[in-house]
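File shown here: input.csv, holding CSV, C-alpha atoms and all ligand atoms.
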chain,number,residue,atom,x,y,z
O,1,MET,CA,160.8,84.4,18.3
O,2,GLU,CA,162.2,83.8,21.7
O,3,THR,CA,161.0,80.6,23.3
O,4,ASN,CA,162.2,78.2,26.0
O,5,HIS,CA,161.5,75.3,23.7
O,6,ASN,CA,164.6,73.1,23.5
O,7,PRO,CA,164.3,70.2,21.0
O,8,VAL,CA,167.7,68.7,22.1
O,9,LEU,CA,166.5,68.3,25.7
O,10,GLU,CA,163.1,67.1,24.6
O,11,ASN,CA,164.5,64.4,22.3
O,12,LEU,CA,167.5,63.4,24.4
O,13,ARG,CA,167.2,59.7,25.1
O,14,TYR,CA,168.7,57.9,28.0
O,15,LYS,CA,169.9,54.3,27.6
O,16,SER,CA,170.1,53.0,31.1
O,17,ALA,CA,171.8,49.7,30.1
O,18,SER,CA,174.8,51.5,28.7
O,19,GLY,CA,174.7,54.9,30.5
O,20,ALA,CA,174.4,56.7,27.2
O,21,LEU,CA,172.6,59.8,26.1
O,22,ASP,CA,171.4,59.8,22.5
O,23,PHE,CA,170.1,62.7,20.3
O,24,SER,CA,169.0,61.8,16.8
O,25,GLY,CA,171.1,58.7,16.8
O,26,ILE,CA,174.2,60.5,17.9
O,27,ARG,CA,175.8,60.0,21.3
O,28,TYR,CA,176.2,63.2,23.4
O,29,LEU,CA,177.9,63.8,26.7
O,30,LEU,CA,177.1,66.3,29.3
O,31,ILE,CA,180.2,67.8,30.7
O,32,ARG,CA,180.9,70.8,33.0
O,33,PRO,CA,182.7,73.7,31.2
O,34,GLU,CA,185.3,73.7,34.0
O,35,THR,CA,186.4,70.2,32.8
O,36,LEU,CA,187.1,71.4,29.3
O,37,VAL,CA,188.7,74.7,30.6
O,38,GLU,CA,191.0,72.7,32.9
O,39,ILE,CA,192.2,70.6,29.9
O,40,GLN,CA,192.9,73.8,28.1
O,41,LYS,CA,194.8,75.3,31.0
O,42,VAL,CA,196.9,72.2,31.6
O,43,ILE,CA,197.9,72.2,27.9
O,44,GLU,CA,198.6,75.9,28.1
O,45,GLU,CA,200.9,75.3,31.1
O,46,LYS,CA,202.7,72.3,29.7
O,47,PHE,CA,202.9,73.0,26.0
O,48,GLY,CA,202.1,76.8,25.6
O,49,SER,CA,199.0,78.8,24.7
O,50,GLU,CA,199.6,78.3,21.0
O,51,ALA,CA,199.4,74.5,21.3
O,52,ALA,CA,196.3,74.8,23.5
O,53,HIS,CA,194.6,77.1,21.0
O,54,GLU,CA,195.4,74.7,18.1
O,55,ILE,CA,194.1,71.7,19.9
O,56,PHE,CA,190.8,73.4,21.0
O,57,TYR,CA,190.3,75.0,17.6
O,58,GLN,CA,190.7,71.7,15.8
O,59,SER,CA,188.4,69.9,18.3
O,60,GLY,CA,185.7,72.5,17.8
O,61,PHE,CA,186.2,72.3,14.0
O,62,ARG,CA,185.8,68.5,14.0
O,63,GLY,CA,182.6,68.5,16.0
O,64,THR,CA,180.7,71.0,13.9
O,65,SER,CA,182.0,69.6,10.6
O,66,LEU,CA,180.5,66.3,11.4
O,67,THR,CA,177.1,67.8,12.3
O,68,ALA,CA,177.2,70.1,9.2
O,69,GLY,CA,177.9,67.2,6.9
O,70,LYS,CA,175.0,65.2,8.4
O,71,LEU,CA,172.6,68.1,8.1
O,72,LEU,CA,173.6,68.7,4.4
O,73,ASP,CA,173.2,65.0,3.7
O,74,SER,CA,169.6,65.2,5.1
O,75,GLY,CA,168.7,67.6,2.3
O,76,LEU,CA,168.8,71.0,4.1
O,77,THR,CA,170.2,74.0,2.2
O,78,PRO,CA,173.4,75.5,3.5
O,79,ARG,CA,171.4,78.5,4.8
O,80,GLU,CA,169.0,76.2,6.7
O,81,CYS,CA,171.9,74.2,8.1
O,82,LEU,CA,173.5,77.4,9.3
O,83,GLU,CA,170.3,78.5,11.1
O,84,ALA,CA,169.8,75.0,12.5
O,85,MET,CA,173.4,74.9,13.8
O,86,PHE,CA,173.2,78.3,15.4
O,87,ARG,CA,170.0,77.3,17.2
O,88,MET,CA,171.5,74.0,18.2
O,89,GLY,CA,174.6,75.8,19.7
O,90,ALA,CA,172.3,77.5,22.2
O,91,HIS,CA,170.2,74.3,22.7
O,92,LEU,CA,173.4,72.5,23.7
O,93,GLY,CA,174.4,75.2,26.1
O,94,TRP,CA,177.3,76.6,24.1
O,95,GLY,CA,175.9,80.2,24.2
O,96,LYS,CA,173.7,82.3,22.0
O,97,PHE,CA,175.0,82.5,18.5
O,98,GLU,CA,174.2,85.6,16.4
O,99,LEU,CA,175.1,86.9,13.0
O,100,PRO,CA,174.9,90.7,13.2
O,101,ASN,CA,174.9,90.9,9.4
O,102,MET,CA,173.4,88.0,7.6
O,103,GLU,CA,174.3,89.6,4.3
O,104,THR,CA,178.0,88.8,4.9
O,105,VAL,CA,177.4,85.0,4.8
O,106,GLY,CA,179.3,83.6,1.8
O,107,LYS,CA,181.5,86.7,1.5
O,108,GLU,CA,185.1,87.1,2.4
O,109,ASN,CA,184.5,88.3,6.0
O,110,ILE,CA,181.8,87.1,8.3
O,111,GLU,CA,181.3,88.4,11.9
O,112,VAL,CA,179.6,86.3,14.6
O,113,THR,CA,178.8,87.1,18.2
O,114,ILE,CA,178.3,84.6,20.9
O,115,HIS,CA,176.6,85.7,24.1
O,116,GLY,CA,177.2,83.8,27.3
O,117,SER,CA,180.1,81.6,26.3
O,118,PRO,CA,180.4,78.9,28.9
O,119,PHE,CA,184.2,78.8,28.3
O,120,ALA,CA,184.8,82.5,29.0
O,121,ARG,CA,182.7,82.2,32.2
O,122,ALA,CA,184.6,79.1,33.4
O,123,TYR,CA,188.0,80.4,32.6
O,124,GLY,CA,188.2,83.3,35.1
O,125,ALA,CA,190.2,86.3,34.1
O,126,ALA,CA,192.5,86.5,31.1
O,127,GLU,CA,194.1,89.1,28.9
O,128,GLN,CA,193.6,87.1,25.6
O,129,PRO,CA,190.5,85.5,24.2
O,130,VAL,CA,190.0,82.0,25.5
O,131,CYS,CA,187.2,80.5,23.4
O,132,ALA,CA,189.3,78.7,20.8
O,133,ILE,CA,186.9,75.8,20.8
O,134,LEU,CA,184.1,78.2,19.6
O,135,SER,CA,186.5,79.7,17.0
O,136,GLY,CA,187.1,76.3,15.6
O,137,ALA,CA,183.4,75.3,15.8
O,138,LEU,CA,182.5,78.4,13.7
O,139,ALA,CA,185.3,77.7,11.2
O,140,GLY,CA,184.0,74.1,10.9
O,141,ILE,CA,180.4,75.3,10.3
O,142,PHE,CA,181.2,77.9,7.7
O,143,SER,CA,183.9,75.9,5.9
O,144,SER,CA,181.6,72.8,5.7
O,145,LEU,CA,178.5,74.7,4.6
O,146,LEU,CA,180.1,77.2,2.2
O,147,GLY,CA,182.6,74.8,0.6
O,148,ALA,CA,185.7,77.0,1.2
O,149,VAL,CA,188.2,77.2,4.0
O,150,TYR,CA,187.3,79.8,6.6
O,151,ILE,CA,189.8,80.8,9.3
O,152,CYS,CA,188.2,82.1,12.5
O,153,ASN,CA,189.7,84.5,15.0
O,154,GLU,CA,188.1,85.6,18.2
O,155,VAL,CA,188.6,89.4,18.3
O,156,GLY,CA,186.8,90.2,21.5
O,157,CYS,CA,186.1,87.9,24.5
O,158,ALA,CA,183.8,88.1,27.5
O,159,VAL,CA,186.8,86.7,29.5
O,160,SER,CA,188.4,90.2,29.2
O,161,GLY,CA,185.3,92.1,30.1
O,162,ASP,CA,183.5,92.4,26.7
O,163,ALA,CA,179.7,92.0,26.8
O,164,SER,CA,180.0,89.0,24.4
O,165,CYS,CA,182.6,87.2,22.4
O,166,THR,CA,183.1,88.4,18.8
O,167,PHE,CA,184.5,86.2,16.0
O,168,ARG,CA,185.8,87.2,12.6
O,169,LEU,CA,185.9,84.6,9.9
O,170,VAL,CA,188.0,85.2,6.8
O,171,LYS,CA,187.8,83.1,3.7
O,172,ARG,CA,191.2,81.6,2.7
O,173,PRO,CA,191.9,82.2,-1.0
O,174,SER,CA,191.8,78.9,-2.9
O,175,ASN,CA,195.0,77.9,-4.7
O,176,ASP,CA,193.4,76.9,-8.0
O,201,ZN,ZN,185.3,84.3,24.3
Could the structure of this file be written out as structure tokens, please?
Ligand SMILES: [Zn+2]
Amino acid sequence: METNHNPVLENLRYKSASGALDFSGIRYLLIRPETLVEIQKVIEEKFGSEAAHEIFYQSGFRGTSLTAGKLLDSGLTPRECLEAMFRMGAHLGWGKFELPNMETVGKENIEVTIHGSPFARAYGAAEQPVCAILSGALAGIFSSLLGAVYICNEVGCAVSGDASCTFRLVKRPSND
């Protein structure tokens, strides 16, 4: 059901003494998408787009892995964690996360769409997908919750005129 209820905003606590924002005991930071996109563009310019992709991918992965681990420790099932994290993505302003086919979760290939990526919007025009931080965030979510390494590629991006960003996650075969 679609509502405007946003538990993150409702439970965000401001600590005036330290200038900190806290949600569920975790510090958060409000930042304009343009700031992150500028970091990405400078890295692209100085070190190449592959380096920028890797840095943003790993950063996204790190953030969601931490949250997924905390949710699993709280006793939620992987499925409940997944739903909570998809909702939280929107609550944090990262776009609207959707699984077009829930049945694919846990299989070799999973497709995710994100509507309204703030990164695609802030980037401007580009030929290639630019939401590497979202790719990494999704890889972190699925790898942490499903206990296997998932590699995520953005196969369609709103930056190049698509209606939304489309991500394909592929399970990496385990070596043992
Ligand atoms: Zn995108």
(message) So the first atom is atom CA of Gly93 of chain O and the second is atom CA of Gln40 of chain O; what is the distance between them in Å, to one decimal place?
(response)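 Result for atom CA of Gly93 of chain O versus atom CA of Gln40 of chain O: 18.7 Å, one decimal.
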(message) My list of candidates is O:Val170, O:Cys131, O:Leu138, O:Ala51. Which is closest to ligand ZN 201 (chain O) when distances are computed with all atoms listed in the file?
(response) O:Cys131
(request) For a cut-off of 8 Å around (173.9, 85.1, 16.0), file coordinates, pick out all residues using only C-alpha atoms and list them as a ChimeraX atom specification. (result) /O:86,96-100,112-114
Using all atoms listed in the file, find each residue of chain O with at least one atom at most 9 Å away from an atom of ligand ZN 201 (chain O); report its shortest atom-to-atom pair and that distance in Å (one decimal), sort the rows by chain and rising residue number, and return the result as a tab-separated table.
residue	atom	partner	partner_atom	distance
O:Ile114	CA	O:ZN201	ZN	7.8
O:His115	CA	O:ZN201	ZN	8.8
O:Gly116	CA	O:ZN201	ZN	8.7
O:Ser117	CA	O:ZN201	ZN	6.2
O:Pro118	CA	O:ZN201	ZN	8.6
O:Phe119	CA	O:ZN201	ZN	6.9
O:Ala120	CA	O:ZN201	ZN	5.1
O:Arg121	CA	O:ZN201	ZN	8.6
O:Gln128	CA	O:ZN201	ZN	8.9
O:Pro129	CA	O:ZN201	ZN	5.3
O:Val130	CA	O:ZN201	ZN	5.4
O:Cys131	CA	O:ZN201	ZN	4.3
O:Ala132	CA	O:ZN201	ZN	7.7
O:Leu134	CA	O:ZN201	ZN	7.8
O:Ser135	CA	O:ZN201	ZN	8.7
O:Glu154	CA	O:ZN201	ZN	6.8
O:Val155	CA	O:ZN201	ZN	8.5
O:Gly156	CA	O:ZN201	ZN	6.7
O:Cys157	CA	O:ZN201	ZN	3.7
O:Ala158	CA	O:ZN201	ZN	5.2
O:Val159	CA	O:ZN201	ZN	5.9
O:Ser160	CA	O:ZN201	ZN	8.3
O:Asp162	CA	O:ZN201	ZN	8.6
O:Ser164	CA	O:ZN201	ZN	7.1
O:Cys165	CA	O:ZN201	ZN	4.4
O:Thr166	CA	O:ZN201	ZN	7.2
O:Phe167	CA	O:ZN201	ZN	8.6
(request) Go through O:Asn101, O:Ser18, O:Ser74, O:Thr64 one by one, measure the shortest atom-to-atom distance of each to Ala137 of chain O using all atoms listed in the file, and give the residue with the smallest value. (result) O:Thr64
Output as a tab-separated table one row per residue of segment 51-89 of chain O within 12 Å of segment 4-16 of chain O: the closest atom pair and its distance in Å to one decimal place, counting only C-alpha atoms, sorted by chain and residue number ascending.
residue	atom	partner	partner_atom	distance
O:Ala84	CA	O:Pro7	CA	11.2
O:Met85	CA	O:Val8	CA	11.8
O:Arg87	CA	O:Asn6	CA	9.3
O:Met88	CA	O:Val8	CA	7.6
O:Gly89	CA	O:Val8	CA	10.2
(request) For each of O:Lys41, O:Gly48, O:Ser144, O:Asn153, take the minimum atom-to-atom distance to Phe61 of chain O, counting only C-alpha atoms, then give the residue where this is smallest. (result)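 The answer is O:Ser144, which sits nearest to Phe61 of chain O.
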(request) State, in Å with one decimal place, the distance from atom CA of His53 of chain O to atom CA of Asp22 of chain O. (result) 29.0 Å
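Interatomic distance, atom CA of Glu127 of chain O to atom CA of Ser49 of chain O: 12.2 Å.
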(request) May I ask which of the residues O:Leu36, O:Ala20, O:Val105, O:Val42 is the closest one to Pro78 of chain O, counting all atoms listed in the file? (result)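 Residue with the minimum atom-to-atom distance to Pro78 of chain O: O:Val105.
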(request) Find, counting all atoms listed in the file, the residue in O:Ala163, O:Ile55, O:Ile133, O:Leu72 that gets nearest to Trp94 of chain O. (result)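 Ranking O:Ala163, O:Ile55, O:Ile133, O:Leu72 by distance to Trp94 of chain O, first place goes to O:Ile133.
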(request) Tell me which protein, DNA and RNA residues are within 10 Å of Arg172 of chain O, counting all atoms listed in the file, leaving out same-chain ones fewer than 2 positions away, and put them as a PyMOL selection string. (result) chain O and resi 108+143+148-151+169-170+174-175
(message) Using all atoms listed in the file, can you tell me which of O:Leu29, O:Gly161, O:Cys81, O:Leu76 comes closest to Ala125 of chain O?
(response)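 Checking each candidate against Ala125 of chain O, we get O:Gly161 as the closest.
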